[in-house]
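Pasting target-v8.txt here (compact mmCIF, C-alpha atoms):
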# COMPACT_ATOMS: atom_id res chain seq x y z
CA MET A 246 -7.42 11.09 -15.39
CA TYR A 247 -10.97 10.19 -16.30
CA SER A 248 -13.22 8.08 -14.16
CA LEU A 249 -13.74 4.57 -15.40
CA SER A 250 -17.04 2.88 -16.26
CA VAL A 251 -19.81 2.05 -13.80
CA ILE A 252 -18.69 -1.59 -13.51
CA VAL A 253 -15.27 -0.60 -12.22
CA ARG A 254 -16.77 1.93 -9.84
CA THR A 255 -19.24 -0.57 -8.37
CA ILE A 256 -16.54 -3.19 -7.85
CA CYS A 257 -14.36 -0.54 -6.23
CA ASP A 258 -17.26 0.41 -3.92
CA VAL A 259 -17.75 -3.19 -2.84
CA PHE A 260 -14.14 -4.31 -2.43
CA ALA A 261 -12.35 -1.16 -1.25
CA TRP A 262 -13.72 -1.48 2.27
CA PHE A 263 -12.59 -5.09 2.56
CA LEU A 264 -9.15 -3.80 1.59
CA ALA A 265 -9.23 -1.12 4.30
CA VAL A 266 -10.39 -3.55 6.98
CA PHE A 267 -7.70 -6.06 5.98
CA GLY A 268 -5.02 -3.38 6.19
CA VAL A 269 -6.14 -2.32 9.66
CA TYR A 270 -6.20 -6.01 10.68
CA VAL A 271 -2.61 -6.43 9.53
CA ILE A 272 -1.61 -3.32 11.49
CA ILE A 273 -3.23 -4.27 14.80
CA HIS A 274 -2.16 -7.92 14.65
CA GLY A 275 1.38 -6.88 13.74
CA HIS A 276 3.04 -8.67 16.64
CA LEU A 277 1.11 -11.93 16.19
CA THR A 278 0.69 -12.60 12.50
CA PRO A 279 2.90 -11.85 9.48
CA GLY A 280 2.94 -8.21 8.57
CA GLY A 281 3.15 -5.14 10.69
CA GLY A 282 2.88 -1.40 10.50
CA PHE A 283 4.54 -0.95 7.13
CA GLN A 284 2.76 -3.79 5.36
CA GLY A 285 -0.69 -2.85 6.70
CA GLY A 286 -0.12 0.80 5.91
CA ALA A 287 0.87 -0.10 2.36
CA VAL A 288 -2.33 -2.16 1.98
CA VAL A 289 -4.46 0.74 3.23
CA ALA A 290 -2.64 3.16 0.93
CA THR A 291 -3.53 0.89 -2.00
CA LEU A 292 -7.16 1.81 -1.21
CA PHE A 293 -6.46 5.39 -2.28
CA ALA A 294 -4.84 4.17 -5.48
CA PHE A 295 -8.04 2.20 -6.17
CA LEU A 296 -10.23 5.23 -5.54
CA LEU A 297 -8.04 7.43 -7.73
CA VAL A 298 -7.99 4.99 -10.64
CA ALA A 299 -11.71 4.16 -10.44
CA TYR A 300 -13.20 7.58 -9.78
CA GLY A 301 -10.72 9.87 -11.48
CA GLY A 302 -9.17 13.03 -10.15
CA LYS A 303 -12.27 15.15 -10.36
CA LYS A 304 -13.93 13.31 -7.51
CA PHE A 305 -10.78 12.12 -5.74
CA ILE A 306 -9.09 15.49 -5.22
CA PRO A 307 -11.97 17.04 -3.19
CA PHE A 308 -12.45 13.74 -1.29
CA TYR A 309 -8.81 13.44 -0.27
CA LYS A 310 -7.91 15.92 2.46
CA SER A 311 -4.17 16.28 2.01
CA SER A 312 -3.73 18.37 5.16
CA LEU A 313 -5.34 15.58 7.21
CA PHE A 314 -2.88 13.03 5.82
CA SER A 315 0.03 15.39 6.47
CA TRP A 316 -1.16 15.38 10.08
CA PHE A 317 -1.27 11.56 9.96
CA GLU A 318 2.38 11.54 8.94
CA THR A 319 3.41 13.96 11.69
CA VAL A 320 1.38 12.27 14.42
CA GLY A 321 2.68 8.80 13.53
CA LEU A 322 6.28 9.93 13.65
CA LEU A 323 5.84 11.81 16.93
CA LEU A 324 4.00 8.85 18.51
CA PHE A 325 6.80 6.48 17.52
CA ILE A 326 9.58 8.71 18.85
CA GLY A 327 7.57 9.57 21.96
CA THR A 328 7.01 5.90 22.78
CA GLY A 329 10.73 5.40 22.47
CA LEU A 330 11.50 8.38 24.70
CA VAL A 331 9.11 7.38 27.49
CA GLY A 332 11.15 4.25 28.12
CA LEU A 333 14.31 6.31 28.48
CA GLY A 334 14.46 5.63 32.24
CA THR A 335 16.24 2.38 31.49
CA THR A 336 17.07 2.40 27.78
CA PHE A 337 15.75 3.98 24.61
CA PHE A 338 12.76 1.96 23.26
CA TYR A 339 12.48 0.07 26.55
CA ASN A 340 9.29 -2.00 26.64
CA PHE A 341 7.91 -0.51 29.86
CA LEU A 342 4.39 -1.88 29.39
CA ALA A 343 5.21 -5.57 28.99
CA GLY A 344 3.95 -7.80 31.76
CA GLN A 345 2.55 -4.91 33.80
CA GLY A 346 -1.13 -5.77 33.35
CA GLY A 347 -3.57 -3.22 32.01
CA LEU A 348 -4.48 -2.63 28.39
CA PHE A 349 -1.38 -3.78 26.56
CA GLY A 350 0.49 -5.63 29.27
CA SER A 351 -0.99 -9.08 29.76
CA THR A 352 1.60 -11.81 30.16
CA VAL A 353 2.39 -14.13 27.29
CA PRO A 354 1.44 -17.82 27.78
CA ILE A 355 4.09 -20.48 27.20
CA GLY A 356 3.98 -22.24 23.85
CA PRO A 357 3.48 -21.39 20.21
CA ASN A 358 1.66 -18.26 19.09
CA SER A 359 -1.12 -17.93 21.63
CA GLY A 360 -3.03 -15.21 19.84
CA VAL A 361 -3.41 -13.00 22.89
CA LEU A 362 -3.80 -9.61 21.26
CA ASN A 363 -2.76 -7.27 24.06
CA SER A 364 0.36 -9.09 25.13
CA SER A 365 3.10 -7.05 23.54
CA GLY A 366 3.62 -3.90 25.58
CA THR A 367 4.69 -0.95 23.50
CA ILE A 368 5.21 -2.96 20.29
CA ALA A 369 1.52 -2.74 19.38
CA LEU A 370 1.61 1.03 19.92
CA MET A 371 4.67 1.34 17.71
CA ASN A 372 3.04 -0.79 15.00
CA MET A 373 0.01 1.52 15.04
CA ALA A 374 2.30 4.56 14.86
CA VAL A 375 4.20 3.14 11.89
CA GLY A 376 0.88 2.21 10.23
CA VAL A 377 -0.53 5.73 10.55
CA GLU A 378 2.76 7.14 9.26
CA VAL A 379 2.86 4.86 6.22
CA ILE A 380 -0.81 5.49 5.36
CA GLY A 381 -0.13 9.21 5.33
CA GLY A 382 3.17 9.01 3.48
CA LEU A 383 2.31 6.62 0.67
CA SER A 384 -1.07 8.18 -0.09
CA LEU A 385 0.55 11.63 -0.12
CA ILE A 386 3.07 10.32 -2.66
CA LEU A 387 0.17 9.23 -4.88
CA TYR A 388 -1.67 12.53 -4.41
CA TYR A 389 1.27 14.77 -5.22
CA MET A 390 2.31 12.55 -8.14
CA PHE A 391 -1.17 13.04 -9.54
CA LYS A 392 -1.36 16.77 -8.90
CA GLY A 393 2.13 17.43 -10.18
CA ILE A 394 1.27 15.91 -13.52
CA ARG A 395 -1.69 18.31 -13.84
CA LEU A 396 -4.15 15.81 -15.20
CA TYR A 397 -6.72 17.38 -12.91
CA GLU A 398 -7.03 20.63 -14.83
CA GLU A 399 -7.03 18.96 -18.22
CA SER A 400 -9.75 16.40 -17.57
CA GLY A 401 -12.97 17.66 -19.03
CA SER A 402 -15.83 19.23 -17.14
CA GLU A 403 -18.33 16.43 -17.71
CA GLU A 404 -17.79 12.93 -16.44
CA THR A 405 -16.56 10.57 -19.16
CA GLY A 406 -16.16 6.83 -19.07
CA HIS A 407 -14.27 4.40 -21.23
CA ASP A 408 -17.49 2.80 -22.40
CA ARG A 409 -18.70 5.95 -24.15
CA MET B 374 5.98 -31.39 -5.46
CA ASN B 375 7.42 -28.25 -3.93
CA GLY B 376 10.33 -28.29 -6.33
CA VAL B 377 7.99 -28.49 -9.31
CA PHE B 378 5.98 -25.56 -7.95
CA HIS B 379 9.19 -23.58 -7.44
CA PHE B 380 10.35 -24.25 -10.97
CA PHE B 381 6.96 -23.27 -12.36
CA ILE B 382 6.85 -19.94 -10.47
CA LEU B 383 10.44 -19.07 -11.39
CA ALA B 384 9.81 -19.83 -15.06
CA LEU B 385 6.71 -17.61 -15.02
CA ILE B 386 8.71 -14.82 -13.31
CA THR B 387 11.33 -15.02 -16.05
CA VAL B 388 8.69 -14.96 -18.77
CA SER B 389 6.87 -11.95 -17.28
CA ALA B 390 10.17 -10.07 -16.81
CA PHE B 391 11.04 -10.76 -20.45
CA PHE B 392 7.66 -9.47 -21.61
CA ALA B 393 8.03 -6.33 -19.47
CA ILE B 394 11.07 -5.44 -21.57
CA TRP B 395 9.81 -6.80 -24.88
CA PHE B 396 6.46 -4.99 -25.21
CA LYS B 397 6.47 -1.82 -27.30
CA ASP B 398 3.21 -0.64 -25.70
CA LEU B 399 4.11 0.87 -22.34
CA LEU B 400 0.78 0.08 -20.66
CA SER B 401 1.21 -3.62 -21.47
CA SER B 402 4.72 -3.38 -20.07
CA VAL B 403 3.41 -1.90 -16.81
CA VAL B 404 0.79 -4.65 -16.48
CA SER B 405 3.48 -7.25 -17.12
CA LEU B 406 5.56 -5.67 -14.35
CA ALA B 407 2.55 -5.97 -12.00
CA VAL B 408 2.26 -9.67 -12.87
CA PHE B 409 5.98 -9.98 -12.14
CA SER B 410 5.48 -8.46 -8.68
CA LEU B 411 2.51 -10.72 -7.93
CA LEU B 412 4.46 -13.85 -8.89
CA LEU B 413 7.42 -12.64 -6.85
CA SER B 414 5.19 -12.25 -3.80
CA LEU B 415 3.93 -15.80 -4.36
CA GLU B 416 7.54 -16.96 -4.50
CA PHE B 417 8.29 -15.15 -1.23
CA TYR B 418 5.31 -16.92 0.33
CA VAL B 419 6.58 -20.30 -0.85
CA LEU B 420 9.98 -19.49 0.63
CA GLN B 421 8.20 -18.93 4.01
CA ALA B 422 8.56 -15.16 4.22
CA PRO B 423 4.91 -14.01 4.40
CA ASP B 424 5.97 -10.62 5.77
CA VAL B 425 7.87 -9.76 2.63
CA ALA B 426 5.11 -11.28 0.51
CA ILE B 427 2.50 -8.88 1.90
CA ALA B 428 4.83 -5.91 1.40
CA GLU B 429 5.64 -6.99 -2.15
CA ALA B 430 1.98 -7.50 -3.06
CA GLY B 431 0.97 -4.14 -1.59
CA ILE B 432 3.82 -2.00 -2.87
CA GLY B 433 4.86 -3.81 -6.04
CA ALA B 434 1.56 -4.93 -7.49
CA GLY B 435 -0.63 -2.16 -6.10
CA LEU B 436 1.01 1.20 -5.58
CA THR B 437 3.79 1.03 -8.16
CA THR B 438 1.36 0.04 -10.90
CA ALA B 439 -0.92 2.96 -10.04
CA ILE B 440 2.01 5.39 -10.04
CA TYR B 441 3.25 4.07 -13.39
CA VAL B 442 -0.23 4.36 -14.92
CA ILE B 443 -0.52 7.94 -13.66
CA ALA B 444 2.88 8.76 -15.16
CA LEU B 445 1.85 7.22 -18.49
CA ARG B 446 -1.35 9.27 -18.57
CA GLY B 447 0.76 12.34 -17.80
CA CYS B 448 3.07 11.60 -20.74
CA LYS B 449 0.04 11.21 -23.01
CA ALA B 450 -1.49 14.51 -21.84
CA LEU B 451 1.84 16.28 -22.33
CA LYS B 452 2.15 14.91 -25.83
CA LYS B 453 -1.39 15.92 -26.72
CA SER B 454 -1.01 19.48 -25.42
CA GLY B 455 2.10 20.01 -27.53
CA GLY B 456 4.63 20.18 -24.73
CA GLU B 457 8.21 19.50 -25.60
CA ARG B 458 9.26 15.86 -25.87
CA ARG B 459 12.69 14.55 -25.23

In structure tokens, how does this file's structure come out?
Amino acid sequence: MYSLSVIVRTICDVFAWFLAVFGVYVIIHGHLTPGGGFQGGAVVATLFAFLLVAYGGKKFIPFYKSSLFSWFETVGLLLFIGTGLVGLGTTFFYNFLAGQGGLFGSTVPIGPNSGVLNSSGTIALMNMAVGVEVIGGLSLILYYMFKGIRLYEESGSEETGHDR
Amino acid sequence: MNGVFHFFILALITVSAFFAIWFKDLLSSVVSLAVFSLLLSLEFYVLQAPDVAIAEAGIGAGLTTAIYVIALRGCKALKKSGGERR
């Protein structure tokens, strides 16, 4: 797949980071606002689709470290299961951090959504685990879809745009 | 007011779904499918399910379109290099 023209690449440079920051916002505010680990991870994985479409495979394939994102997938899954197993003293997935004080355990005020970020116990940790997992998984799907089609070898040596 | 908005979105969803089938050019069909997903996420938002709306906008309008475009480019490269077509 060829890289697109300089207009598309500039707009991708400007807006891709807003996309990444919005995805991370959706992940960390998963227990307060709509969205959660899966939705935020899907938004962040759209960033890699943007980069692939705008810059083409010749620049995207060396930029994207597939082994790193395989590790993301593994670490997210292990973090999720591990958080479930730590609460096994009472039940599986027991929320052992809620209301204990400390980083994630402040008590929830009475009333509608108070917006206290660290008030959810282990749910925030699980949202982050699911987010890391989904970022790794969905961007790996894109990467292997692209490599399996072998457009990378067939795209020419020099950089070509659609405006030439 | 809300009912009119509903009717408008549902009519546009039907039109975009019709065009996704009707176009002979596959790239136009894929773009029409992306418009379908975007309108569907708007409909989910109107029906007060913003969770599903974010997931639909991210997966349906973003990732699926990119995967379809990559697959179309792959078909074109296969056709140009003389691979077998079914």

Q: Compute the set of chain A residues within 7 Å of chain B, using only C-alpha atoms, and express it as a ChimeraX atom specification.
A: /A:279-280,284,287-288,291,294,387,391,394,396

Selection from above, C-alpha atoms, as a PDB file, in the frame of the given file, can you write it?
ATOM      1  CA  PRO A 279       2.900 -11.850   9.480  1.00  0.00           C
ATOM      2  CA  GLY A 280       2.940  -8.210   8.570  1.00  0.00           C
ATOM      3  CA  GLN A 284       2.760  -3.790   5.360  1.00  0.00           C
ATOM      4  CA  ALA A 287       0.870  -0.100   2.360  1.00  0.00           C
ATOM      5  CA  VAL A 288      -2.330  -2.160   1.980  1.00  0.00           C
ATOM      6  CA  THR A 291      -3.530   0.890  -2.000  1.00  0.00           C
ATOM      7  CA  ALA A 294      -4.840   4.170  -5.480  1.00  0.00           C
ATOM      8  CA  LEU A 387       0.170   9.230  -4.880  1.00  0.00           C
ATOM      9  CA  PHE A 391      -1.170  13.040  -9.540  1.00  0.00           C
ATOM     10  CA  ILE A 394       1.270  15.910 -13.520  1.00  0.00           C
ATOM     11  CA  LEU A 396      -4.150  15.810 -15.200  1.00  0.00           C
TER      12      LEU A 396
END

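Each of A:Leu296, A:Ile272, A:Met390, A:Ile380 was checked against Leu322 (chain A) using only C-alpha atoms; the smallest atom-to-atom distance is that of A:Ile380.
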
Q | Gap from CA of Gly286 (chain A) to CA of Glu378 (chain A) - Å, one decimal | A |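 Straight-line distance from CA of Gly286 (chain A) to CA of Glu378 (chain A) works out to 7.7 Å.
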
Q: Determine, counting all atoms listed in the file, which protein, DNA and RNA residues have an atom within 12 Å of an atom of Phe308 (chain A); residues of the same chain fewer than 5 positions away are not included. Present the result as a PyMOL selection string.
A: chain A and resi 293+296-297+300-303+313-314+388

Q. So, counting all atoms listed in the file, which residue among B:Ile394, B:Ile386, B:Leu445, B:Val377 is closest to Ser410 (chain B)?
A.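 Answer, going by the shortest atom-to-atom distance: B:Ile386.
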
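Of the residues under consideration (A:Gly281, A:Gly321, A:Gly366, A:Pro307), A:Gly366 shows the shortest atom-to-atom contact distance to Phe349 (chain A) when counting only C-alpha atoms.
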
Q: Please indicate the distance in Å from CA of Phe325 (chain A) to CA of Gly275 (chain A), rounded to one decimal place.
A: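 Atom-to-atom, CA of Phe325 (chain A) to CA of Gly275 (chain A), that is 14.9 Å.
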
**Q.** Residue with smallest distance to Val361 (chain A) - pool A:Val377, A:Ile256, A:Ala261, A:Ile273, counting only C-alpha atoms
**A.**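 Going through A:Val377, A:Ile256, A:Ala261, A:Ile273 one by one, the smallest distance to Val361 (chain A) is for A:Ile273.
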
Q) If you measure from CA of Gly268 (chain A) to CA of Gly382 (chain A), what distance in Å do you get, rounded to one decimal? A)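 Value for the CA of Gly268 (chain A)-CA of Gly382 (chain A) distance: 15.1 Å.
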
Q: Please write as a list in words the list of polymer residues whose atoms come within 9 Å of (-1.0, 7.3, 12.7), counting all atoms listed in the file and keeping to the coordinates of the file.
A: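 Every polymer residue passing the test: Trp316, Phe317, Glu318, Thr319, Val320, Gly321, Leu322, Leu324, Met373, Ala374, Val375, Gly376, Val377, Glu378, Val379, Ile380 and Gly381 of chain A.
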
Kindly provide, as lines of an AutoDock Vina configuration file, the centre and edge lengths (Å, one decimal) of an axis-aligned box around all atoms of region 284-298 of chain A given in the file, with 3 Å on each side.
center_x = -3.7
center_y = 1.8
center_z = -2.0
size_x = 19.0
size_y = 17.2
size_z = 23.3
